[in-house]
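Chemist: Dropping in structure08.pdb, with PDB, C-alpha atoms.
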```pdb
ATOM      1  CA  MET A   1       3.776 104.806  54.336  1.00  0.00           C
ATOM      2  CA  ASN A   2       5.532 102.483  56.796  1.00  0.00           C
ATOM      3  CA  VAL A   3       3.040  99.673  56.147  1.00  0.00           C
ATOM      4  CA  HIS A   4       3.538 100.052  52.402  1.00  0.00           C
ATOM      5  CA  LEU A   5       7.324  99.805  52.718  1.00  0.00           C
ATOM      6  CA  TYR A   6       7.137  96.796  55.068  1.00  0.00           C
ATOM      7  CA  LYS A   7       4.729  95.022  52.741  1.00  0.00           C
ATOM      8  CA  ASN A   8       6.119  95.865  49.305  1.00  0.00           C
ATOM      9  CA  GLY A   9       9.651  97.026  50.026  1.00  0.00           C
ATOM     10  CA  PHE A  10      11.505  99.716  48.105  1.00  0.00           C
ATOM     11  CA  LYS A  11      11.940  99.780  44.347  1.00  0.00           C
ATOM     12  CA  PRO A  12      15.013  97.635  43.533  1.00  0.00           C
ATOM     13  CA  ASN A  13      18.074  99.236  41.933  1.00  0.00           C
ATOM     14  CA  TYR A  14      16.588 102.731  42.285  1.00  0.00           C
ATOM     15  CA  TRP A  15      19.710 104.814  42.768  1.00  0.00           C
ATOM     16  CA  ILE A  16      18.778 108.090  41.036  1.00  0.00           C
ATOM     17  CA  TRP A  17      15.522 109.949  41.747  1.00  0.00           C
ATOM     18  CA  THR A  18      13.654 110.027  38.420  1.00  0.00           C
ATOM     19  CA  ASP A  19      10.053 108.842  39.022  1.00  0.00           C
ATOM     20  CA  HIS A  20       8.471 112.161  40.051  1.00  0.00           C
ATOM     21  CA  GLY A  21       8.556 114.172  36.838  1.00  0.00           C
ATOM     22  CA  GLU A  22      12.228 115.191  36.881  1.00  0.00           C
ATOM     23  CA  ASP A  23      14.458 115.335  33.835  1.00  0.00           C
ATOM     24  CA  LEU A  24      16.859 112.430  33.425  1.00  0.00           C
ATOM     25  CA  PRO A  25      20.302 113.608  34.579  1.00  0.00           C
ATOM     26  CA  HIS A  26      23.479 112.998  32.633  1.00  0.00           C
ATOM     27  CA  VAL A  27      26.733 112.756  34.605  1.00  0.00           C
ATOM     28  CA  ASP A  28      29.893 113.646  32.716  1.00  0.00           C
ATOM     29  CA  LEU A  29      32.939 111.798  34.048  1.00  0.00           C
ATOM     30  CA  ASN A  30      35.448 113.932  32.055  1.00  0.00           C
ATOM     31  CA  GLU A  31      36.165 111.041  29.738  1.00  0.00           C
ATOM     32  CA  GLY A  32      34.988 112.111  26.304  1.00  0.00           C
ATOM     33  CA  ASN A  33      31.439 110.921  25.687  1.00  0.00           C
ATOM     34  CA  ASN A  34      31.294 108.635  28.710  1.00  0.00           C
ATOM     35  CA  TYR A  35      27.854 109.462  30.147  1.00  0.00           C
ATOM     36  CA  ILE A  36      25.688 107.694  32.688  1.00  0.00           C
ATOM     37  CA  ASP A  37      22.016 107.807  31.750  1.00  0.00           C
ATOM     38  CA  ALA A  38      19.637 107.713  34.697  1.00  0.00           C
ATOM     39  CA  SER A  39      17.097 105.803  32.581  1.00  0.00           C
ATOM     40  CA  THR A  40      19.180 102.680  33.209  1.00  0.00           C
ATOM     41  CA  SER A  41      19.052 102.437  36.988  1.00  0.00           C
ATOM     42  CA  ALA A  42      21.767  99.778  37.148  1.00  0.00           C
ATOM     43  CA  GLU A  43      24.371 102.212  35.752  1.00  0.00           C
ATOM     44  CA  TYR A  44      24.587 104.423  38.838  1.00  0.00           C
ATOM     45  CA  VAL A  45      27.567 106.460  39.882  1.00  0.00           C
ATOM     46  CA  THR A  46      29.885 104.326  41.998  1.00  0.00           C
ATOM     47  CA  GLN A  47      31.594 105.512  45.139  1.00  0.00           C
ATOM     48  CA  HIS A  48      34.914 105.982  43.356  1.00  0.00           C
ATOM     49  CA  GLU A  49      33.300 107.993  40.572  1.00  0.00           C
ATOM     50  CA  GLN A  50      31.720 110.288  43.158  1.00  0.00           C
ATOM     51  CA  PHE A  51      35.196 111.299  44.268  1.00  0.00           C
ATOM     52  CA  MET A  52      36.210 111.728  40.629  1.00  0.00           C
ATOM     53  CA  LEU A  53      33.390 114.273  40.282  1.00  0.00           C
ATOM     54  CA  MET A  54      34.762 116.341  43.185  1.00  0.00           C
ATOM     55  CA  GLN A  55      36.891 118.417  40.815  1.00  0.00           C
ATOM     56  CA  ASP A  56      33.837 119.395  38.736  1.00  0.00           C
ATOM     57  CA  MET A  57      31.847 120.340  41.861  1.00  0.00           C
ATOM     58  CA  VAL A  58      34.681 122.514  43.174  1.00  0.00           C
ATOM     59  CA  CYS A  59      35.057 124.283  39.823  1.00  0.00           C
ATOM     60  CA  ASP A  60      31.284 124.754  39.768  1.00  0.00           C
ATOM     61  CA  ALA A  61      31.353 126.326  43.247  1.00  0.00           C
ATOM     62  CA  LEU A  62      34.158 128.649  42.154  1.00  0.00           C
ATOM     63  CA  ARG A  63      32.213 129.602  38.998  1.00  0.00           C
ATOM     64  CA  GLN A  64      35.340 128.624  37.062  1.00  0.00           C
ATOM     65  CA  PRO A  65      34.533 125.517  34.917  1.00  0.00           C
ATOM     66  CA  GLN A  66      37.481 123.343  33.982  1.00  0.00           C
ATOM     67  CA  THR A  67      40.071 125.464  35.765  1.00  0.00           C
ATOM     68  CA  PHE A  68      41.677 125.769  39.166  1.00  0.00           C
ATOM     69  CA  GLU A  69      42.251 129.510  39.041  1.00  0.00           C
ATOM     70  CA  ALA A  70      40.985 131.667  41.872  1.00  0.00           C
ATOM     71  CA  PRO A  71      37.543 133.189  41.252  1.00  0.00           C
ATOM     72  CA  ASN A  72      37.491 136.630  39.693  1.00  0.00           C
ATOM     73  CA  SER A  73      35.074 138.907  41.494  1.00  0.00           C
ATOM     74  CA  ASN A  74      34.416 140.796  38.225  1.00  0.00           C
ATOM     75  CA  ASN A  75      32.825 137.679  36.706  1.00  0.00           C
ATOM     76  CA  MET A  76      30.632 136.893  39.690  1.00  0.00           C
ATOM     77  CA  GLU A  77      27.211 138.249  40.491  1.00  0.00           C
ATOM     78  CA  GLU A  78      28.345 139.196  43.987  1.00  0.00           C
ATOM     79  CA  PRO A  79      31.968 139.495  45.180  1.00  0.00           C
ATOM     80  CA  PRO A  80      32.848 136.989  47.947  1.00  0.00           C
ATOM     81  CA  ASN A  81      33.372 138.195  51.481  1.00  0.00           C
ATOM     82  CA  GLU A  82      36.564 137.502  53.394  1.00  0.00           C
ATOM     83  CA  ASP A  83      35.477 134.113  54.775  1.00  0.00           C
ATOM     84  CA  THR A  84      34.190 132.946  51.395  1.00  0.00           C
ATOM     85  CA  GLN A  85      37.350 134.087  49.623  1.00  0.00           C
ATOM     86  CA  ARG A  86      39.445 132.200  52.178  1.00  0.00           C
ATOM     87  CA  PHE A  87      37.355 129.092  51.543  1.00  0.00           C
ATOM     88  CA  PHE A  88      37.752 129.438  47.761  1.00  0.00           C
ATOM     89  CA  ASN A  89      41.523 129.846  48.111  1.00  0.00           C
ATOM     90  CA  LEU A  90      41.641 126.677  50.204  1.00  0.00           C
ATOM     91  CA  LEU A  91      39.697 124.754  47.573  1.00  0.00           C
ATOM     92  CA  VAL A  92      41.980 125.947  44.802  1.00  0.00           C
ATOM     93  CA  GLU A  93      45.086 124.908  46.747  1.00  0.00           C
ATOM     94  CA  ALA A  94      43.759 121.585  48.016  1.00  0.00           C
ATOM     95  CA  ASN A  95      42.142 120.510  44.752  1.00  0.00           C
ATOM     96  CA  GLU A  96      45.207 120.869  42.539  1.00  0.00           C
ATOM     97  CA  PRO A  97      45.982 117.578  40.719  1.00  0.00           C
ATOM     98  CA  LEU A  98      48.581 115.355  42.373  1.00  0.00           C
ATOM     99  CA  TYR A  99      50.579 115.503  39.151  1.00  0.00           C
ATOM    100  CA  GLU A 100      50.009 116.618  35.569  1.00  0.00           C
ATOM    101  CA  GLY A 101      47.126 114.660  34.069  1.00  0.00           C
ATOM    102  CA  ALA A 102      46.022 113.154  37.385  1.00  0.00           C
ATOM    103  CA  THR A 103      42.310 112.814  38.135  1.00  0.00           C
ATOM    104  CA  ASN A 104      42.829 112.768  41.918  1.00  0.00           C
ATOM    105  CA  SER A 105      43.794 115.678  44.146  1.00  0.00           C
ATOM    106  CA  LYS A 106      45.063 115.936  47.698  1.00  0.00           C
ATOM    107  CA  LEU A 107      41.531 116.818  48.770  1.00  0.00           C
ATOM    108  CA  SER A 108      39.959 113.761  47.112  1.00  0.00           C
ATOM    109  CA  ILE A 109      42.617 111.404  48.514  1.00  0.00           C
ATOM    110  CA  SER A 110      42.153 112.846  52.007  1.00  0.00           C
ATOM    111  CA  ALA A 111      38.374 112.521  51.735  1.00  0.00           C
ATOM    112  CA  ARG A 112      38.704 108.889  50.634  1.00  0.00           C
ATOM    113  CA  LEU A 113      40.921 108.107  53.625  1.00  0.00           C
ATOM    114  CA  LEU A 114      38.324 109.552  56.001  1.00  0.00           C
ATOM    115  CA  ASP A 115      35.631 107.678  54.089  1.00  0.00           C
ATOM    116  CA  CYS A 116      37.457 104.392  54.779  1.00  0.00           C
ATOM    117  CA  LYS A 117      37.500 105.110  58.486  1.00  0.00           C
ATOM    118  CA  SER A 118      33.817 106.057  58.552  1.00  0.00           C
ATOM    119  CA  ASN A 119      32.466 103.157  56.470  1.00  0.00           C
ATOM    120  CA  TRP A 120      34.542 100.306  57.882  1.00  0.00           C
ATOM    121  CA  ASN A 121      35.638 101.683  61.278  1.00  0.00           C
ATOM    122  CA  VAL A 122      39.299 101.427  60.326  1.00  0.00           C
ATOM    123  CA  PRO A 123      41.696 102.174  63.227  1.00  0.00           C
ATOM    124  CA  ASP A 124      43.867 105.267  63.029  1.00  0.00           C
ATOM    125  CA  GLN A 125      47.014 103.128  62.999  1.00  0.00           C
ATOM    126  CA  CYS A 126      45.790 101.312  59.878  1.00  0.00           C
ATOM    127  CA  LEU A 127      45.147 104.597  58.067  1.00  0.00           C
ATOM    128  CA  GLU A 128      48.603 105.794  59.072  1.00  0.00           C
ATOM    129  CA  PHE A 129      50.017 102.632  57.472  1.00  0.00           C
ATOM    130  CA  ILE A 130      47.981 103.225  54.303  1.00  0.00           C
ATOM    131  CA  SER A 131      49.194 106.835  54.088  1.00  0.00           C
ATOM    132  CA  LYS A 132      52.832 105.777  54.426  1.00  0.00           C
ATOM    133  CA  MET A 133      52.308 102.989  51.897  1.00  0.00           C
ATOM    134  CA  LEU A 134      50.966 105.504  49.359  1.00  0.00           C
ATOM    135  CA  LEU A 135      53.962 107.757  49.959  1.00  0.00           C
ATOM    136  CA  ASP A 136      56.413 104.889  49.483  1.00  0.00           C
ATOM    137  CA  ALA A 137      54.726 103.665  46.299  1.00  0.00           C
ATOM    138  CA  THR A 138      54.322 107.071  44.637  1.00  0.00           C
ATOM    139  CA  PRO A 139      57.266 108.969  43.082  1.00  0.00           C
ATOM    140  CA  ILE A 140      55.491 112.332  43.512  1.00  0.00           C
ATOM    141  CA  LYS A 141      54.916 112.890  47.229  1.00  0.00           C
ATOM    142  CA  ASP A 142      54.160 116.611  47.502  1.00  0.00           C
ATOM    143  CA  GLY A 143      50.414 116.345  47.009  1.00  0.00           C
ATOM    144  CA  LEU A 144      49.707 113.299  49.190  1.00  0.00           C
ATOM    145  CA  PRO A 145      48.825 113.569  52.890  1.00  0.00           C
ATOM    146  CA  LYS A 146      51.804 112.315  54.847  1.00  0.00           C
ATOM    147  CA  THR A 147      49.721 111.104  57.814  1.00  0.00           C
ATOM    148  CA  PHE A 148      46.106 110.491  58.684  1.00  0.00           C
ATOM    149  CA  TYR A 149      46.246 113.601  60.851  1.00  0.00           C
ATOM    150  CA  ASP A 150      47.228 115.701  57.817  1.00  0.00           C
ATOM    151  CA  ALA A 151      44.258 114.335  55.851  1.00  0.00           C
ATOM    152  CA  LYS A 152      41.886 115.018  58.741  1.00  0.00           C
ATOM    153  CA  ARG A 153      43.217 118.553  59.202  1.00  0.00           C
ATOM    154  CA  LEU A 154      42.837 119.351  55.499  1.00  0.00           C
ATOM    155  CA  VAL A 155      39.224 118.179  55.316  1.00  0.00           C
ATOM    156  CA  SER A 156      38.386 119.969  58.574  1.00  0.00           C
ATOM    157  CA  LYS A 157      39.416 123.276  56.969  1.00  0.00           C
ATOM    158  CA  LEU A 158      36.380 123.014  54.708  1.00  0.00           C
ATOM    159  CA  GLY A 159      34.372 124.324  57.648  1.00  0.00           C
ATOM    160  CA  PHE A 160      32.400 121.248  58.720  1.00  0.00           C
ATOM    161  CA  GLU A 161      33.312 121.480  62.372  1.00  0.00           C
ATOM    162  CA  ALA A 162      31.460 119.566  65.056  1.00  0.00           C
ATOM    163  CA  LYS A 163      30.721 120.735  68.585  1.00  0.00           C
ATOM    164  CA  ARG A 164      30.819 118.135  71.339  1.00  0.00           C
ATOM    165  CA  ILE A 165      28.033 118.420  73.927  1.00  0.00           C
ATOM    166  CA  ASP A 166      27.809 116.276  77.064  1.00  0.00           C
ATOM    167  CA  CYS A 167      24.458 114.611  77.674  1.00  0.00           C
ATOM    168  CA  CYS A 168      22.755 112.460  80.304  1.00  0.00           C
ATOM    169  CA  VAL A 169      23.409 108.734  80.093  1.00  0.00           C
ATOM    170  CA  ASP A 170      19.638 108.192  79.834  1.00  0.00           C
ATOM    171  CA  GLU A 171      19.289 111.088  77.355  1.00  0.00           C
ATOM    172  CA  CYS A 172      17.202 113.172  79.757  1.00  0.00           C
ATOM    173  CA  MET A 173      19.002 116.424  78.976  1.00  0.00           C
ATOM    174  CA  LEU A 174      21.986 118.149  77.375  1.00  0.00           C
ATOM    175  CA  TYR A 175      24.601 119.970  79.420  1.00  0.00           C
ATOM    176  CA  TYR A 176      24.288 123.079  77.294  1.00  0.00           C
ATOM    177  CA  ASP A 177      23.821 126.822  77.754  1.00  0.00           C
ATOM    178  CA  ASN A 178      22.568 127.372  81.327  1.00  0.00           C
ATOM    179  CA  ASP A 179      23.234 123.739  82.317  1.00  0.00           C
ATOM    180  CA  VAL A 180      26.857 123.587  81.207  1.00  0.00           C
ATOM    181  CA  ALA A 181      28.173 123.744  84.804  1.00  0.00           C
ATOM    182  CA  LEU A 182      26.020 120.913  86.186  1.00  0.00           C
ATOM    183  CA  THR A 183      27.705 117.687  87.298  1.00  0.00           C
ATOM    184  CA  GLU A 184      24.590 115.509  87.428  1.00  0.00           C
ATOM    185  CA  CYS A 185      21.304 115.244  85.573  1.00  0.00           C
ATOM    186  CA  LYS A 186      18.614 117.532  86.965  1.00  0.00           C
ATOM    187  CA  PHE A 187      15.933 114.961  86.110  1.00  0.00           C
ATOM    188  CA  CYS A 188      17.336 111.537  87.089  1.00  0.00           C
ATOM    189  CA  ASN A 189      20.313 112.757  89.200  1.00  0.00           C
ATOM    190  CA  LYS A 190      22.752 110.410  87.444  1.00  0.00           C
ATOM    191  CA  PRO A 191      26.358 111.647  87.283  1.00  0.00           C
ATOM    192  CA  ARG A 192      27.619 113.511  84.258  1.00  0.00           C
ATOM    193  CA  TYR A 193      31.212 112.243  84.487  1.00  0.00           C
ATOM    194  CA  ARG A 194      32.772 108.857  84.936  1.00  0.00           C
ATOM    195  CA  ALA A 195      34.179 108.011  88.345  1.00  0.00           C
ATOM    196  CA  LYS A 196      37.877 108.780  88.607  1.00  0.00           C
ATOM    197  CA  THR A 197      40.293 105.970  89.364  1.00  0.00           C
ATOM    198  CA  ILE A 198      43.663 105.946  91.075  1.00  0.00           C
ATOM    199  CA  GLY A 199      46.156 108.010  89.108  1.00  0.00           C
ATOM    200  CA  THR A 200      43.539 109.948  87.149  1.00  0.00           C
ATOM    201  CA  SER A 201      42.485 112.444  89.811  1.00  0.00           C
ATOM    202  CA  ASN A 202      44.339 115.288  88.087  1.00  0.00           C
ATOM    203  CA  ARG A 203      42.999 114.561  84.619  1.00  0.00           C
ATOM    204  CA  LYS A 204      40.098 116.268  82.917  1.00  0.00           C
ATOM    205  CA  PRO A 205      36.773 114.586  83.807  1.00  0.00           C
ATOM    206  CA  VAL A 206      35.419 112.236  81.155  1.00  0.00           C
ATOM    207  CA  PRO A 207      31.673 112.478  80.401  1.00  0.00           C
ATOM    208  CA  VAL A 208      29.624 109.293  80.555  1.00  0.00           C
ATOM    209  CA  LYS A 209      27.915 110.184  77.298  1.00  0.00           C
ATOM    210  CA  ALA A 210      28.336 112.905  74.692  1.00  0.00           C
ATOM    211  CA  MET A 211      26.963 113.896  71.316  1.00  0.00           C
ATOM    212  CA  PHE A 212      28.355 115.807  68.339  1.00  0.00           C
ATOM    213  CA  TYR A 213      26.445 118.711  66.843  1.00  0.00           C
ATOM    214  CA  PHE A 214      27.202 119.725  63.252  1.00  0.00           C
ATOM    215  CA  HIS A 215      26.431 123.402  62.657  1.00  0.00           C
ATOM    216  CA  ILE A 216      23.784 123.781  59.969  1.00  0.00           C
ATOM    217  CA  THR A 217      24.876 127.186  58.596  1.00  0.00           C
ATOM    218  CA  PRO A 218      28.225 126.175  56.993  1.00  0.00           C
ATOM    219  CA  ARG A 219      26.668 122.963  55.685  1.00  0.00           C
ATOM    220  CA  LEU A 220      23.925 124.923  53.885  1.00  0.00           C
ATOM    221  CA  GLN A 221      26.481 127.407  52.562  1.00  0.00           C
ATOM    222  CA  ARG A 222      28.542 124.579  51.031  1.00  0.00           C
ATOM    223  CA  LEU A 223      25.462 122.864  49.568  1.00  0.00           C
ATOM    224  CA  PHE A 224      24.238 126.060  47.913  1.00  0.00           C
ATOM    225  CA  ALA A 225      27.712 126.976  46.597  1.00  0.00           C
ATOM    226  CA  SER A 226      27.432 124.426  43.774  1.00  0.00           C
ATOM    227  CA  ILE A 227      24.796 124.524  41.046  1.00  0.00           C
ATOM    228  CA  GLN A 228      24.546 120.722  41.144  1.00  0.00           C
ATOM    229  CA  THR A 229      23.702 120.495  44.841  1.00  0.00           C
ATOM    230  CA  THR A 230      21.595 123.656  44.740  1.00  0.00           C
ATOM    231  CA  ARG A 231      19.291 121.960  42.264  1.00  0.00           C
ATOM    232  CA  GLN A 232      18.858 119.044  44.671  1.00  0.00           C
ATOM    233  CA  MET A 233      18.345 121.315  47.688  1.00  0.00           C
ATOM    234  CA  SER A 234      15.518 123.158  45.908  1.00  0.00           C
ATOM    235  CA  TRP A 235      13.937 119.978  44.556  1.00  0.00           C
ATOM    236  CA  HIS A 236      11.031 120.038  47.016  1.00  0.00           C
ATOM    237  CA  TYR A 237      10.042 123.539  45.942  1.00  0.00           C
ATOM    238  CA  ASP A 238      10.531 123.152  42.194  1.00  0.00           C
ATOM    239  CA  ASN A 239       8.629 119.855  41.945  1.00  0.00           C
ATOM    240  CA  ARG A 240       5.408 120.818  43.687  1.00  0.00           C
ATOM    241  CA  ARG A 241       2.311 119.208  42.177  1.00  0.00           C
ATOM    242  CA  SER A 242      -1.395 119.818  42.774  1.00  0.00           C
ATOM    243  CA  SER A 243      -2.691 116.398  41.735  1.00  0.00           C
ATOM    244  CA  GLY A 244      -4.075 115.683  45.217  1.00  0.00           C
ATOM    245  CA  MET A 245      -1.967 112.509  45.507  1.00  0.00           C
ATOM    246  CA  LEU A 246       0.655 112.084  48.229  1.00  0.00           C
ATOM    247  CA  ARG A 247       3.872 111.279  46.342  1.00  0.00           C
ATOM    248  CA  HIS A 248       6.376 112.553  48.902  1.00  0.00           C
ATOM    249  CA  PRO A 249       6.262 113.782  52.521  1.00  0.00           C
ATOM    250  CA  PHE A 250       6.414 117.408  51.287  1.00  0.00           C
ATOM    251  CA  ASP A 251       2.919 116.905  49.813  1.00  0.00           C
ATOM    252  CA  GLY A 252       1.579 116.386  53.333  1.00  0.00           C
ATOM    253  CA  GLU A 253      -0.060 118.971  55.571  1.00  0.00           C
ATOM    254  CA  ALA A 254       2.644 118.691  58.232  1.00  0.00           C
ATOM    255  CA  TRP A 255       5.417 119.585  55.751  1.00  0.00           C
ATOM    256  CA  LYS A 256       3.403 122.523  54.390  1.00  0.00           C
ATOM    257  CA  HIS A 257       2.769 123.761  57.930  1.00  0.00           C
ATOM    258  CA  PHE A 258       6.503 123.519  58.651  1.00  0.00           C
ATOM    259  CA  ASP A 259       7.268 125.588  55.534  1.00  0.00           C
TER     260      ASP A 259
END
```
Spell out the structure here as structure tokens.
Modeler:
Amino acid sequence: MNVHLYKNGFKPNYWIWTDHGEDLPHVDLNEGNNYIDASTSAEYVTQHEQFMLMQDMVCDALRQPQTFEAPNSNNMEEPPNEDTQRFFNLLVEANEPLYEGATNSKLSISARLLDCKSNWNVPDQCLEFISKMLLDATPIKDGLPKTFYDAKRLVSKLGFEAKRIDCCVDECMLYYDNDVALTECKFCNKPRYRAKTIGTSNRKPVPVKAMFYFHITPRLQRLFASIQTTRQMSWHYDNRRSSGMLRHPFDGEAWKHFD
């Protein structure tokens, strides 16, 4: 597979997966009959339009199409538990339009601010300036995040928390579970923390290297909450073929053994 990609490259302008027997998707952008047909690969959903679709995905997860009302347990197959209900209430509150007729919500604006920082490594001070500029230029200020911290705190409430774990500078091990109290690597004996300088002796030790672990359970729960993403998550199972030709890694023996 690697040799094939190095030699022939990837199919140009292939933005939507359609060449393995799937139906051609149609993406409604809430603008009358404005549809994007996957048969024309050049007309793919842009980054801005992805945020515009956030409202539809939230309504889909709440099982309440085209409305921001809280989900009614009588209309659902299974009533939500306390954590799920709290998450739904947060979505309803955060995804209210900024003003009547607006296509953006406080949640989408906050997500776009964090997207700017992630894609272009924008400093926090620059995002603070952008947030204040939006507030100054907009007559309706209630729905906008007042600072970058407010935007980050709102998105973090969705449940995608990360756990920071110290690790060896040479990646020999993680300081986790039974090794959390160690101060040096048990394989190469290199120190876990940076050397303290004058004036920093009372401060918390700073690890030489650390990693962030994103918990898989809440991520899967969010992905399976929406019918749109559920269809993509179950793609490997629903599109199994017995033609004997390797079309995707899930046709291989290793993937089947993993299943």
Chemist: Measuring between all atoms listed in the file, which one of A:Ser105, A:Ser201, A:Asn89, A:Ser118 shows the shortest distance to Lys157 (chain A)?
Modeler: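 Closest to Lys157 (chain A) of all the choices is A:Asn89.
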Chemist: Select, from A:Asp115, A:Glu128, A:Asp166, A:Glu161, the residue with the minimum atom-to-atom distance to Thr147 (chain A), counting only C-alpha atoms.
Modeler: A:Glu128
Chemist: How would you write, as a short mmCIF file (atom, residue, chain, number, x, y, z; two decimals) with C-alpha atoms, in the frame of the given file, the residues chosen by the PyMOL selection byres ((chain A and resi 124) around 12) on this structure?
Modeler:
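Saved result, part-v1.cif, follows:
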```
data_model
loop_
_atom_site.label_atom_id
_atom_site.label_comp_id
_atom_site.auth_asym_id
_atom_site.auth_seq_id
_atom_site.Cartn_x
_atom_site.Cartn_y
_atom_site.Cartn_z
CA LEU A 113 40.92 108.11 53.62
CA LEU A 114 38.32 109.55 56.00
CA CYS A 116 37.46 104.39 54.78
CA LYS A 117 37.50 105.11 58.49
CA SER A 118 33.82 106.06 58.55
CA TRP A 120 34.54 100.31 57.88
CA ASN A 121 35.64 101.68 61.28
CA VAL A 122 39.30 101.43 60.33
CA PRO A 123 41.70 102.17 63.23
CA GLN A 125 47.01 103.13 63.00
CA CYS A 126 45.79 101.31 59.88
CA LEU A 127 45.15 104.60 58.07
CA GLU A 128 48.60 105.79 59.07
CA PHE A 129 50.02 102.63 57.47
CA ILE A 130 47.98 103.22 54.30
CA SER A 131 49.19 106.84 54.09
CA THR A 147 49.72 111.10 57.81
CA PHE A 148 46.11 110.49 58.68
CA TYR A 149 46.25 113.60 60.85
CA ALA A 151 44.26 114.34 55.85
CA LYS A 152 41.89 115.02 58.74
#
```
Chemist: Pull out every residue that the PyMOL selection byres ((chain A and resi 215) around 9) matches in the shown coordinates and put them as a VMD selection string.
Modeler: chain A and resid 160 to 163 213 to 214 216 to 219
Chemist: Just say which residues the PyMOL selection byres ((chain A and resi 140-144) around 8) picks in this file, as an MDAnalysis selection string.
Modeler: chainID A and resid 97:99 105:106 109 134:135 138:139 145:146
Chemist: To one decimal place, how far is CA of Ser108 (chain A) from CA of Phe212 (chain A) in Å?
Modeler: 24.3 Å
Chemist: Looking at A:Lys256, A:Arg231, A:Lys204, A:Arg222, which one is nearest to Leu158 (chain A), with distances taken over all atoms listed in the file?
Modeler: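 Among the listed residues, the smallest separation from Leu158 (chain A) belongs to A:Arg222.
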Chemist: May I have the protein, DNA and RNA residues with an atom at most 10 Å from (22.2, 105.3, 88.4), counting only C-alpha atoms in the file's coordinates, returned as an MDAnalysis selection string?
Modeler: chainID A and resid 169:170 188:191
Chemist: Let's have the selection written as a compact mmCIF listing (two decimals), in the coordinates of the input, with C-alpha atoms.
Modeler:
```txt
# COMPACT_ATOMS: atom_id res chain seq x y z
CA VAL A 169 23.41 108.73 80.09
CA ASP A 170 19.64 108.19 79.83
CA CYS A 188 17.34 111.54 87.09
CA ASN A 189 20.31 112.76 89.20
CA LYS A 190 22.75 110.41 87.44
CA PRO A 191 26.36 111.65 87.28
```
Chemist: Tell me, in Å to one decimal, how far CA of Thr230 (chain A) is from CA of Met245 (chain A).
Modeler: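 Computed distance, CA of Thr230 (chain A) to CA of Met245 (chain A), equals 26.1 Å.
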Chemist: To one decimal in Å, tell me the separation between CA of Ala225 (chain A) and CA of Arg240 (chain A).
Modeler: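 Atom-to-atom, CA of Ala225 (chain A) and CA of Arg240 (chain A) are spaced 23.3 Å apart.
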Chemist: Calculated over all atoms listed in the file, which of the candidates A:Gln228, A:Tyr237, A:Cys167, A:His248 has the smallest distance to Lys186 (chain A)?
Modeler: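 Ranking A:Gln228, A:Tyr237, A:Cys167, A:His248 by distance to Lys186 (chain A), first place goes to A:Cys167.
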Chemist: Just want the 12 Å neighbourhood of Asp251 (chain A), counted on all atoms listed in the file, with same-chain residues fewer than 3 positions away dropped. Output as a short mmCIF file (atom, residue, chain, number, x, y, z; two decimals) with C-alpha atoms, in the frame of the given file.
Modeler:
```
data_model
loop_
_atom_site.label_atom_id
_atom_site.label_comp_id
_atom_site.auth_asym_id
_atom_site.auth_seq_id
_atom_site.Cartn_x
_atom_site.Cartn_y
_atom_site.Cartn_z
CA HIS A 236 11.03 120.04 47.02
CA TYR A 237 10.04 123.54 45.94
CA ASN A 239 8.63 119.86 41.94
CA ARG A 240 5.41 120.82 43.69
CA ARG A 241 2.31 119.21 42.18
CA SER A 242 -1.40 119.82 42.77
CA SER A 243 -2.69 116.40 41.74
CA GLY A 244 -4.08 115.68 45.22
CA MET A 245 -1.97 112.51 45.51
CA LEU A 246 0.66 112.08 48.23
CA ARG A 247 3.87 111.28 46.34
CA HIS A 248 6.38 112.55 48.90
CA ALA A 254 2.64 118.69 58.23
CA TRP A 255 5.42 119.58 55.75
CA LYS A 256 3.40 122.52 54.39
CA HIS A 257 2.77 123.76 57.93
CA PHE A 258 6.50 123.52 58.65
CA ASP A 259 7.27 125.59 55.53
#
```
